[in-house]
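> So that we are looking at the same thing, I have put the structure below in structure tokens.
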2 protein chains.
Amino acid sequence: MTEAEFLEEYDPAAYERPALAVDLVLIGLRDARPVVLLLKRDRLPHAGRWTLPGGFVGIDETPEAAAGRVLRDKAGLAGAHLEQLFTFGALDRDPRMRIVSIAYLGLLTEAGLAEALERAPFLVAAAIHVPWAGEAGGPVSILSPGREALALAFDHADMIALAMLRLRGKLDYSDVGFALLPEHFTLRQLQDVHEAILGTPLNKPAFRRRMLDRGRLAPTGLREAGTSFRPAELYRVQRST
Amino acid sequence: MTEAEFLEEYDPAAYERPALAVDLVLIGLRDARPVVLLLKRDRLPHAGRWTLPGGFVGIDETPEAAAGRVLRDKAGLAGAHLEQLFTFGALDRDPRMRIVSIAYLGLLTEAGLAEALERAPFLVAAAIHVPWAGEAGGPVSILSPGREALALAFDHADMIALAMLRLRGKLDYSDVGFALLPEHFTLRQLQDVHEAILGTPLNKPAFRRRMLDRGRLAPTGLREAGTSFRPAELYRVQRST
DNA sequence: TAAATAGTGTCTTTTAGACACTATCGC
DNA sequence: GCGATAGTGTCTAAAAGACACTATTTA
């Protein structure tokens, strides 16, 4: 052990520390396309560019709690599916000072997305265009409602790209797909979600078989309402056993 | 934006920050069993318990660089496959003070494992016993060479459990399996690695088909040496296209 | 009854597991 | 030639894709 290490363990407060932050990649679906919630920076650095909602991790706060606080204060949401994505720590990722940021993936239902846009009117839902099919990596482009490309601040474009990659990878072996749907949903809605995330059409009978054989879906006996045709059965997710 | 948030952005140094550290889950194989490198704490808190090698992230150092430094200084290794695992931030994870730690998964070849044990004689290679088959979660137990269970300090047992889970999950769609093997290896050695990580025997023809059809393996034309029977062909990993 | 989508039966294609067989090396 | 493992051919079982068909509801 070097003397520096000894001193560091003895009195770590004597050493300068990076600041610790969280950034939230809040993803929902609109018009069968993935969108991410962004806000525009109005000051330097990167003024005019778009950023993810984020905030510093307090000394008496876990990163998860900080993510929940940002979700509440900056997106107006009481809760959402949140999971840790990756910790970004490049030295120059923020020109103001050394900030290490833990990126979180948040998944919003259609209602959650609408609520966030209503309660936090400075947020914009920008379409995420993923140029690749399958799971191979590649740069994503973020498009405004008017279809022009948005410039992202800091490394936030990397965070969004990683979020989409993770979402695609986890979609068919985990429960993340359900986090984008309300409590009761039809199999067609579930398939629409999967197709929107993967960016590719799926085979209907095979999809239904896979989902039902997995044993995680429970029929509710209810039917969707408001259709002018045969209403589909509503399912819900069975709590994990 | 609250006043506190404004002030924080204006002068973040005014706010107390968590310390940031890295911990390394260095995994190798011995006798076809996964082992992890641990060292014994000789001081409070958790004196006598076993910990992962770790260290603080310097103010002018990325977390990856800190992980590389710990690998070098505390395990005597110049390099290894390192990937970020998860950032642990529970308030009470370290009773001394608030420390958020980024856990890294490191994969060692047989030679790398031997080198670490030689250059860092205080390290012990403890067998990881994973009580579950497949990918369902569950608590792992860490066993000393004498087969008794070791008490881990802090949340390091969680880190090891998560590392094994991640390793199992990524094994058959990524290149992590190759990181446990030398540059040239036989298909049988590769299958042994997969069986050791998954904890279950695999079908030989199916395994060979999958690996060869994937197109990531290039035959070298060389054969293993030192066997008293038919020597197997040596393969190497083809650089990603 | 027409329109529209829900939901299914079944054939084909692909992929994985089982198992036995042949091939090749050192001794 | 013997022993032992490398490597493969092939049958079977399971899963996914294709496609057409039936079922059910509203208007």
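The chains in the structure tokens are called A, B, ... from first to last as shown; in each chain the residues are counted from 1, and the ligands are counted from 1 in the order shown.
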Given only C-alpha atoms (C1' of nucleotides), how would the per-residue table for chain D near chain A read, listing every residue at most 7 Å away with its closest atom pair and distance in Å to one decimal, sorted by chain and number, as a Markdown table?


```
| residue | atom | partner | partner_atom | distance |
| --- | --- | --- | --- | --- |
| D:DA16 | C1' | A:Ala206 | CA | 6.4 |
| D:DG17 | C1' | A:Asn203 | CA | 6.8 |
| D:DT24 | C1' | A:Arg230 | CA | 5.5 |
| D:DT25 | C1' | A:Arg230 | CA | 3.7 |
| D:DT26 | C1' | A:Ser228 | CA | 4.8 |
```

> Keeping only C-alpha atoms (C1' of nucleotides), write those residues as a compact mmCIF listing (two decimals), in the first residue's frame.


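Output below, filename result-v2.txt:
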```
# COMPACT_ATOMS: atom_id res chain seq x y z
C1' DA D 16 -40.18 -20.22 -34.87
C1' DG D 17 -42.05 -18.41 -39.25
C1' DT D 24 -66.61 -12.66 -32.64
C1' DT D 25 -67.93 -8.19 -32.09
C1' DT D 26 -70.01 -3.46 -33.70
```

> Contacts from chain A to chain B, 10 Å maximum, only C-alpha atoms: show me the residue list as a PyMOL selection string.

chain A and resi 1-2+5+8-9+12-13+15-21+55-65+73-74+84-92+96-100+102

> Go ahead and write the selection's residues with N, CA and C atoms as a short mmCIF file (atom, residue, chain, number, x, y, z; two decimals), in the first residue's frame.


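The resulting file, again-v7.cif, is reproduced below:
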```cif
data_model
loop_
_atom_site.label_atom_id
_atom_site.label_comp_id
_atom_site.auth_asym_id
_atom_site.auth_seq_id
_atom_site.Cartn_x
_atom_site.Cartn_y
_atom_site.Cartn_z
N MET A 1 0.85 -1.21 0.00
CA MET A 1 0.00 0.00 0.00
C MET A 1 0.88 1.26 0.00
N THR A 2 0.61 2.14 -0.88
CA THR A 2 1.41 3.37 -0.93
C THR A 2 0.98 4.31 0.18
N GLU A 5 -2.30 5.92 -0.63
CA GLU A 5 -3.47 5.06 -0.37
C GLU A 5 -3.79 5.01 1.12
N GLU A 8 -5.41 8.11 2.06
CA GLU A 8 -6.75 8.19 1.50
C GLU A 8 -7.74 7.41 2.36
N GLU A 9 -7.32 6.23 2.79
CA GLU A 9 -8.22 5.46 3.63
C GLU A 9 -8.35 6.10 5.02
N PRO A 12 -10.21 10.17 3.83
CA PRO A 12 -10.58 10.34 2.42
C PRO A 12 -11.10 11.73 2.13
N ALA A 13 -11.60 12.41 3.15
CA ALA A 13 -12.15 13.74 2.91
C ALA A 13 -11.06 14.70 2.45
N TYR A 15 -9.07 14.22 0.12
CA TYR A 15 -8.87 14.14 -1.33
C TYR A 15 -10.07 14.71 -2.07
N GLU A 16 -9.77 15.36 -3.16
CA GLU A 16 -10.83 15.93 -3.96
C GLU A 16 -11.61 14.81 -4.64
N ARG A 17 -12.91 14.97 -4.64
CA ARG A 17 -13.75 13.89 -5.19
C ARG A 17 -14.51 14.38 -6.40
N PRO A 18 -14.76 13.46 -7.36
CA PRO A 18 -15.66 13.82 -8.46
C PRO A 18 -17.06 14.05 -7.90
N ALA A 19 -17.81 14.93 -8.55
CA ALA A 19 -19.23 15.05 -8.20
C ALA A 19 -19.97 13.87 -8.79
N LEU A 20 -21.05 13.47 -8.13
CA LEU A 20 -21.81 12.31 -8.59
C LEU A 20 -23.23 12.75 -8.95
N ALA A 21 -23.67 12.37 -10.14
CA ALA A 21 -24.98 12.80 -10.61
C ALA A 21 -25.74 11.59 -11.17
N GLY A 55 -29.67 15.27 -12.06
CA GLY A 55 -29.41 16.02 -10.84
C GLY A 55 -28.30 15.36 -10.06
N PHE A 56 -27.79 16.07 -9.07
CA PHE A 56 -26.71 15.54 -8.26
C PHE A 56 -27.24 14.56 -7.21
N VAL A 57 -26.37 13.63 -6.84
CA VAL A 57 -26.71 12.68 -5.78
C VAL A 57 -26.32 13.30 -4.45
N GLY A 58 -27.28 13.46 -3.57
CA GLY A 58 -27.00 14.07 -2.28
C GLY A 58 -26.19 13.15 -1.38
N ILE A 59 -25.60 13.74 -0.36
CA ILE A 59 -24.72 12.97 0.52
C ILE A 59 -25.51 11.96 1.34
N ASP A 60 -26.78 12.22 1.55
CA ASP A 60 -27.61 11.29 2.33
C ASP A 60 -28.68 10.65 1.46
N GLU A 61 -28.33 10.36 0.24
CA GLU A 61 -29.30 9.90 -0.73
C GLU A 61 -28.66 8.80 -1.57
N THR A 62 -29.37 7.73 -1.80
CA THR A 62 -28.83 6.72 -2.71
C THR A 62 -29.01 7.20 -4.15
N PRO A 63 -28.25 6.65 -5.07
CA PRO A 63 -28.46 7.01 -6.48
C PRO A 63 -29.89 6.71 -6.93
N GLU A 64 -30.46 5.61 -6.47
CA GLU A 64 -31.83 5.28 -6.85
C GLU A 64 -32.80 6.34 -6.34
N ALA A 65 -32.56 6.79 -5.09
CA ALA A 65 -33.42 7.85 -4.54
C ALA A 65 -33.26 9.14 -5.32
N ASP A 73 -39.31 15.65 -9.51
CA ASP A 73 -39.16 17.10 -9.60
C ASP A 73 -39.04 17.60 -11.04
N LYS A 74 -38.42 16.84 -11.89
CA LYS A 74 -38.17 17.34 -13.24
C LYS A 74 -39.06 16.71 -14.29
N GLN A 84 -30.91 0.87 -13.41
CA GLN A 84 -29.60 1.45 -13.68
C GLN A 84 -29.07 0.96 -15.01
N LEU A 85 -28.44 1.88 -15.74
CA LEU A 85 -28.00 1.57 -17.10
C LEU A 85 -26.49 1.44 -17.15
N PHE A 86 -25.79 2.50 -16.77
CA PHE A 86 -24.34 2.54 -16.91
C PHE A 86 -23.87 3.80 -16.21
N THR A 87 -22.63 3.76 -15.72
CA THR A 87 -22.04 4.94 -15.09
C THR A 87 -21.01 5.54 -16.03
N PHE A 88 -21.24 6.79 -16.40
CA PHE A 88 -20.38 7.49 -17.36
C PHE A 88 -19.39 8.35 -16.60
N GLY A 89 -18.11 8.20 -16.91
CA GLY A 89 -17.11 8.90 -16.11
C GLY A 89 -15.97 9.52 -16.88
N ALA A 90 -16.14 9.77 -18.18
CA ALA A 90 -15.05 10.37 -18.95
C ALA A 90 -14.64 11.70 -18.32
N LEU A 91 -13.34 12.00 -18.39
CA LEU A 91 -12.82 13.18 -17.70
C LEU A 91 -13.42 14.47 -18.25
N ASP A 92 -13.68 14.50 -19.55
CA ASP A 92 -14.13 15.74 -20.17
C ASP A 92 -15.62 15.72 -20.50
N ARG A 96 -17.51 21.90 -17.16
CA ARG A 96 -17.49 22.75 -15.97
C ARG A 96 -16.61 22.17 -14.89
N MET A 97 -16.79 20.86 -14.67
CA MET A 97 -16.02 20.22 -13.60
C MET A 97 -16.17 18.73 -13.76
N ARG A 98 -15.49 18.03 -12.89
CA ARG A 98 -15.49 16.58 -12.97
C ARG A 98 -16.79 16.04 -12.40
N ILE A 99 -17.64 15.47 -13.26
CA ILE A 99 -18.90 14.87 -12.83
C ILE A 99 -18.99 13.46 -13.37
N VAL A 100 -19.19 12.52 -12.48
CA VAL A 100 -19.48 11.14 -12.89
C VAL A 100 -20.98 10.96 -12.79
N ILE A 102 -24.44 8.53 -13.20
CA ILE A 102 -25.08 7.22 -13.31
C ILE A 102 -26.32 7.39 -14.16
#
```

> Tell me which protein, DNA and RNA residues are within 8 Å of Leu150 of chain B, counting only C-alpha atoms (C1' of nucleotides), leaving out same-chain ones fewer than 5 positions away, and put them as a PyMOL selection string.

chain B and resi 49-50+141-144

> Let me see the file: selected residues, C-alpha atoms, as a short mmCIF file (atom, residue, chain, number, x, y, z; two decimals), in the first residue's frame.


```cif
data_model
loop_
_atom_site.label_atom_id
_atom_site.label_comp_id
_atom_site.auth_asym_id
_atom_site.auth_seq_id
_atom_site.Cartn_x
_atom_site.Cartn_y
_atom_site.Cartn_z
CA ARG B 49 -13.76 -10.62 6.49
CA TRP B 50 -12.85 -10.93 2.84
CA SER B 141 -21.48 -18.91 -1.46
CA ILE B 142 -17.77 -18.24 -1.53
CA LEU B 143 -15.60 -21.13 -0.42
CA SER B 144 -12.02 -21.19 0.73
#
```

> I'd like a table as a Markdown table: residues in chain C with an atom no more than 8 Å from chain A, each row giving the shortest atom pair and its distance in Å to one decimal, only C-alpha atoms (C1' of nucleotides) counted, sorted by chain and rising residue number.


```
| residue | atom | partner | partner_atom | distance |
| --- | --- | --- | --- | --- |
| C:DA3 | C1' | A:Phe229 | CA | 7.9 |
| C:DA4 | C1' | A:Phe229 | CA | 5.6 |
| C:DT5 | C1' | A:Arg230 | CA | 6.1 |
| C:DA6 | C1' | A:Ala232 | CA | 5.9 |
```

> Would you put the residues from that selection into a file with N, CA and C atoms (P, O5', C5', C4', C3', O3' and C1' of nucleotides), as a tab-separated table (two decimals), in the first residue's frame?


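What follows is the written file result-v2.tsv:
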```tsv
chain	number	residue	atom	x	y	z
C	3	DA	P	-68.01	-4.88	-46.85
C	3	DA	O5'	-67.23	-4.35	-45.56
C	3	DA	C5'	-67.81	-3.33	-44.77
C	3	DA	C4'	-67.00	-3.17	-43.50
C	3	DA	C3'	-65.50	-3.40	-43.70
C	3	DA	O3'	-64.80	-2.41	-42.98
C	3	DA	C1'	-66.30	-4.79	-41.98
C	4	DA	P	-63.21	-2.13	-43.29
C	4	DA	O5'	-62.49	-2.65	-41.97
C	4	DA	C5'	-62.94	-2.18	-40.70
C	4	DA	C4'	-62.53	-3.17	-39.66
C	4	DA	C3'	-61.10	-3.69	-39.84
C	4	DA	O3'	-60.30	-3.27	-38.75
C	4	DA	C1'	-62.61	-5.42	-39.25
C	5	DT	P	-58.68	-3.34	-38.84
C	5	DT	O5'	-58.28	-4.21	-37.58
C	5	DT	C5'	-58.94	-3.98	-36.34
C	5	DT	C4'	-59.22	-5.29	-35.66
C	5	DT	C3'	-57.99	-6.14	-35.33
C	5	DT	O3'	-57.94	-6.33	-33.94
C	5	DT	C1'	-59.74	-7.46	-36.20
C	6	DA	P	-56.81	-7.15	-33.18
C	6	DA	O5'	-57.66	-8.41	-32.68
C	6	DA	C5'	-58.73	-8.19	-31.79
C	6	DA	C4'	-59.31	-9.52	-31.32
C	6	DA	C3'	-58.29	-10.47	-30.68
C	6	DA	O3'	-58.92	-11.10	-29.57
C	6	DA	C1'	-59.21	-11.48	-32.64
```

> Using DSSP assignments from the backbone, pull out every residue in segment 12-240 of chain B that falls under strand (DSSP E) and give it to me as a ChimeraX atom specification.

/B:19-30,33-40,50-51,54-56,81-88,99-107,124-129,141-143,217-223,233-237

> Please, which residues of segment 74-121 of chain B, numbered as in this document, come out helix (DSSP H, G or I) from DSSP, as a PyMOL selection string?

chain B and resi 74-75+110-119

> Generate a file of the selected residues that holds N, CA and C atoms, formatted as a CSV table (one decimal), in the first residue's frame.


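Wrote selection-v2.csv, looks like this:
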```
chain,number,residue,atom,x,y,z
B,74,LYS,N,-3.1,-3.9,-7.2
B,74,LYS,CA,-3.5,-4.9,-6.1
B,74,LYS,C,-3.6,-6.3,-6.6
B,75,ALA,N,-3.5,-6.5,-8.0
B,75,ALA,CA,-3.5,-7.9,-8.5
B,75,ALA,C,-2.3,-8.2,-9.3
B,110,GLU,N,-6.1,-18.7,-17.3
B,110,GLU,CA,-5.4,-19.5,-16.3
B,110,GLU,C,-4.0,-18.9,-16.0
B,111,ALA,N,-3.4,-18.4,-17.0
B,111,ALA,CA,-2.1,-17.7,-16.8
B,111,ALA,C,-2.2,-16.5,-16.0
B,112,GLY,N,-3.3,-15.7,-16.3
B,112,GLY,CA,-3.5,-14.4,-15.6
B,112,GLY,C,-3.8,-14.7,-14.1
B,113,LEU,N,-4.5,-15.7,-13.9
B,113,LEU,CA,-4.9,-16.1,-12.5
B,113,LEU,C,-3.6,-16.5,-11.7
B,114,ALA,N,-2.8,-17.3,-12.4
B,114,ALA,CA,-1.5,-17.8,-11.7
B,114,ALA,C,-0.6,-16.6,-11.5
B,115,GLU,N,-0.5,-15.6,-12.4
B,115,GLU,CA,0.3,-14.5,-12.3
B,115,GLU,C,-0.1,-13.6,-11.1
B,116,ALA,N,-1.5,-13.4,-11.0
B,116,ALA,CA,-2.0,-12.6,-10.0
B,116,ALA,C,-1.6,-13.2,-8.6
B,117,LEU,N,-1.8,-14.5,-8.5
B,117,LEU,CA,-1.5,-15.1,-7.2
B,117,LEU,C,-0.1,-15.1,-6.8
B,118,GLU,N,0.8,-15.1,-7.9
B,118,GLU,CA,2.2,-15.0,-7.6
B,118,GLU,C,2.6,-13.6,-7.2
B,119,ARG,N,2.1,-12.6,-8.0
B,119,ARG,CA,2.6,-11.3,-7.7
B,119,ARG,C,1.9,-10.6,-6.6
```

> State, in Å with one decimal place, the distance from atom CA of Leu108 of chain B to atom CA of Glu83 of chain B.

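According to the coordinates, atom CA of Leu108 of chain B and atom CA of Glu83 of chain B are separated by 12.3 Å.
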
> Can you measure atom CA of Asp94 of chain B to atom CA of Ala78 of chain A for me? One decimal in Å is fine.

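Computing the Euclidean distance for atom CA of Asp94 of chain B and atom CA of Ala78 of chain A yields 29.4 Å.
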
> Between D:DT8, D:DG3, D:DA13, D:DA23, which one has atoms that come closest to DA16 of chain C, using only C-alpha atoms (C1' of nucleotides)?

D:DA13

> Looking at B:Leu217, B:Thr186, B:Ala151, B:Val35, which one is nearest to DG7 of chain D, with distances taken over only C-alpha atoms (C1' of nucleotides)?

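Among B:Leu217, B:Thr186, B:Ala151, B:Val35, it is B:Thr186 that comes nearest to DG7 of chain D.
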
> Using only C-alpha atoms (C1' of nucleotides), determine which residues lie at most 12 Å from Glu195 of chain B, disregarding the query and same-chain residues fewer than 4 positions distant; provide the list as a ChimeraX atom specification.

/B:29,31-34,133-134,168,171-172,177,188-191,199-204,207
